[in-house]
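S.K.: One structure, pasted below without further comment.
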Amino acid sequence: MTSEIPDVVATATRMILFRHGEPDPSVRGRCYGRLDVGLSPHGRDQMRRARRLLRGSPLSAIYSSPSRRAVESAGVLAGRHPRVTVDDRLREIDFGEFEGLTYDAIAEGYPQRYAEWMTRPTDVVFPGGESFGALTSRVRDALSEIRRTHLSQTIAIVSHAGVNRVALATALELNARQIFRLDQSYACVNVIDYIGDEPFVRLVNRLPPPRC
């Protein structure tokens, strides 16, 4: 099977952005950002299938969020690649006091903040956690530094839906409130090529190939 990722221009810096695979079922129906859970068996299978998309795309580096679900996903992708670099700035948003709670429990215990979250998700500051602005700032810093470090190379970055949405929205110059128009499924693949400082979004939310 050949790669289904578009060919890269020789001078371009390519970022291949993966969302981690499906997490452990213990967090199903719960809010999790900083909550540190690993992959489910299905999530591992998703990442093995996603790895097939990298055929024909030699990687200069692999970066990962420090979260277990991302590190485990990066490990599946890495194969024989000598090293995965963990960057704390690539972690998911910190939901603070909401971490680990069901959405019904959040709605009952924090009705005003929950209503704000549901209607203006990029404006809310999670109690004891982060704002969307803080997430955006650290993710942009991380991606800018990674890109400068690997000019004219291809890099894989394994992180989270929120991180990928920031990267894509920045490249597309989307308003923050439009960010949730960008679907990010488990183990999905996105590709952004940079010609100099100009981004070209080549692929969004590509799902892993089916089982052979």
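All residue names refer to the structure tokens as shown: chains lettered A, B, ... in order, residues numbered from 1 in each chain, ligands numbered from 1 in order.
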As a ChimeraX atom specification, please: every residue in range 5-184 of chain A that DSSP puts in strand (DSSP E or B).

M.R.: /A:13-19,23,30,39,61-64,84-86,102,125,131,154-159

S.K.: Neighbours of range 156-159 of chain A within 6 Å (only C-alpha atoms; same-chain residues fewer than 5 positions away dropped), as an mmCIF file with C-alpha atoms, in the first residue's frame?

M.R.:
data_model
loop_
_atom_site.group_PDB
_atom_site.id
_atom_site.type_symbol
_atom_site.label_atom_id
_atom_site.label_comp_id
_atom_site.auth_asym_id
_atom_site.auth_seq_id
_atom_site.Cartn_x
_atom_site.Cartn_y
_atom_site.Cartn_z
ATOM 1 C CA MET A 15 4.116 18.894 9.861
ATOM 2 C CA ILE A 16 2.061 15.705 10.055
ATOM 3 C CA LEU A 17 -0.301 16.150 12.986
ATOM 4 C CA PHE A 18 -1.851 13.079 14.602
ATOM 5 C CA ARG A 19 -4.495 12.938 17.262
ATOM 6 C CA HIS A 20 -3.898 10.125 19.749
ATOM 7 C CA ILE A 62 8.624 12.714 16.103
ATOM 8 C CA TYR A 63 7.236 14.966 18.849
ATOM 9 C CA SER A 64 4.625 14.052 21.433
ATOM 10 C CA SER A 65 2.486 15.524 24.161
ATOM 11 C CA ALA A 70 -0.147 10.539 23.165
ATOM 12 C CA ALA A 74 3.742 8.070 19.266
#

S.K.: What is the distance between CA of Glu97 in chain A and CA of Met118 in chain A, in Å to one decimal?

M.R.: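 Separation between CA of Glu97 in chain A and CA of Met118 in chain A: 16.3 Å.
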
S.K.: List as a list in words the protein and nucleic acid residues near His42 in chain A, meaning an atom at most 10 Å away when only C-alpha atoms are counted, but skip any in the same chain fewer than 5 places from it.

M.R.: Gly21, Glu22, Pro23, Asp24, Met47 and Arg48 of chain A

S.K.: Keeping N, CA and C atoms, export the residues of the selection given above as a CSV table (one decimal), in the first residue's frame.

M.R.:
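Wrote selection.csv, looks like this:
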chain,number,residue,atom,x,y,z
A,21,GLY,N,-4.8,7.9,19.6
A,21,GLY,CA,-5.9,6.9,19.4
A,21,GLY,C,-6.9,6.9,20.6
A,22,GLU,N,-7.9,6.1,20.4
A,22,GLU,CA,-9.0,6.1,21.4
A,22,GLU,C,-8.4,5.8,22.8
A,23,PRO,N,-8.8,6.5,23.8
A,23,PRO,CA,-8.2,6.3,25.2
A,23,PRO,C,-9.0,5.2,25.9
A,24,ASP,N,-8.4,4.8,27.0
A,24,ASP,CA,-9.0,3.8,27.9
A,24,ASP,C,-10.5,4.1,28.1
A,47,MET,N,-3.8,3.4,15.8
A,47,MET,CA,-2.5,4.0,15.6
A,47,MET,C,-1.6,3.1,14.7
A,48,ARG,N,-1.8,1.8,14.8
A,48,ARG,CA,-1.1,0.9,13.9
A,48,ARG,C,-1.5,1.1,12.4

S.K.: Near range 75-92 of chain A, counting only C-alpha atoms, which residues have an atom at most 9 Å away, once you skip same-chain residues fewer than 6 positions from it, shown as an MDAnalysis selection string?

M.R.: chainID A and resid 32:34 44 47:48 50:52 54 59:67 135 138:143 157:163

S.K.: At a cut-off of 7 Å, using only C-alpha atoms, what residues contact range 176-185 of chain A? Leave out same-chain residues fewer than 4 positions from it and give the result as a count of residues only.

M.R.: 5

S.K.: I'd like the contact shell of Glu116 in chain A - 12 Å cut-off, only C-alpha atoms, skipping same-chain residues fewer than 4 positions apart - returned as a PyMOL selection string.

M.R.: chain A and resi 106-107+110-112+120-126

S.K.: Create the file for the chosen residues now, containing C-alpha atoms and written as an mmCIF file, in the first residue's frame.

M.R.:
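Okay, this is what ended up in selection_14.cif:
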data_model
loop_
_atom_site.group_PDB
_atom_site.id
_atom_site.type_symbol
_atom_site.label_atom_id
_atom_site.label_comp_id
_atom_site.auth_asym_id
_atom_site.auth_seq_id
_atom_site.Cartn_x
_atom_site.Cartn_y
_atom_site.Cartn_z
ATOM 1 C CA ILE A 106 -20.296 19.357 35.626
ATOM 2 C CA ALA A 107 -23.671 20.750 34.525
ATOM 3 C CA TYR A 110 -21.079 24.273 37.878
ATOM 4 C CA PRO A 111 -24.245 25.350 36.013
ATOM 5 C CA GLN A 112 -23.129 28.873 35.086
ATOM 6 C CA ARG A 120 -18.760 30.269 24.272
ATOM 7 C CA PRO A 121 -16.161 27.489 24.578
ATOM 8 C CA THR A 122 -13.163 29.615 23.626
ATOM 9 C CA ASP A 123 -14.040 32.316 26.198
ATOM 10 C CA VAL A 124 -14.375 30.155 29.291
ATOM 11 C CA VAL A 125 -11.613 29.861 31.903
ATOM 12 C CA PHE A 126 -11.877 26.450 33.539
#
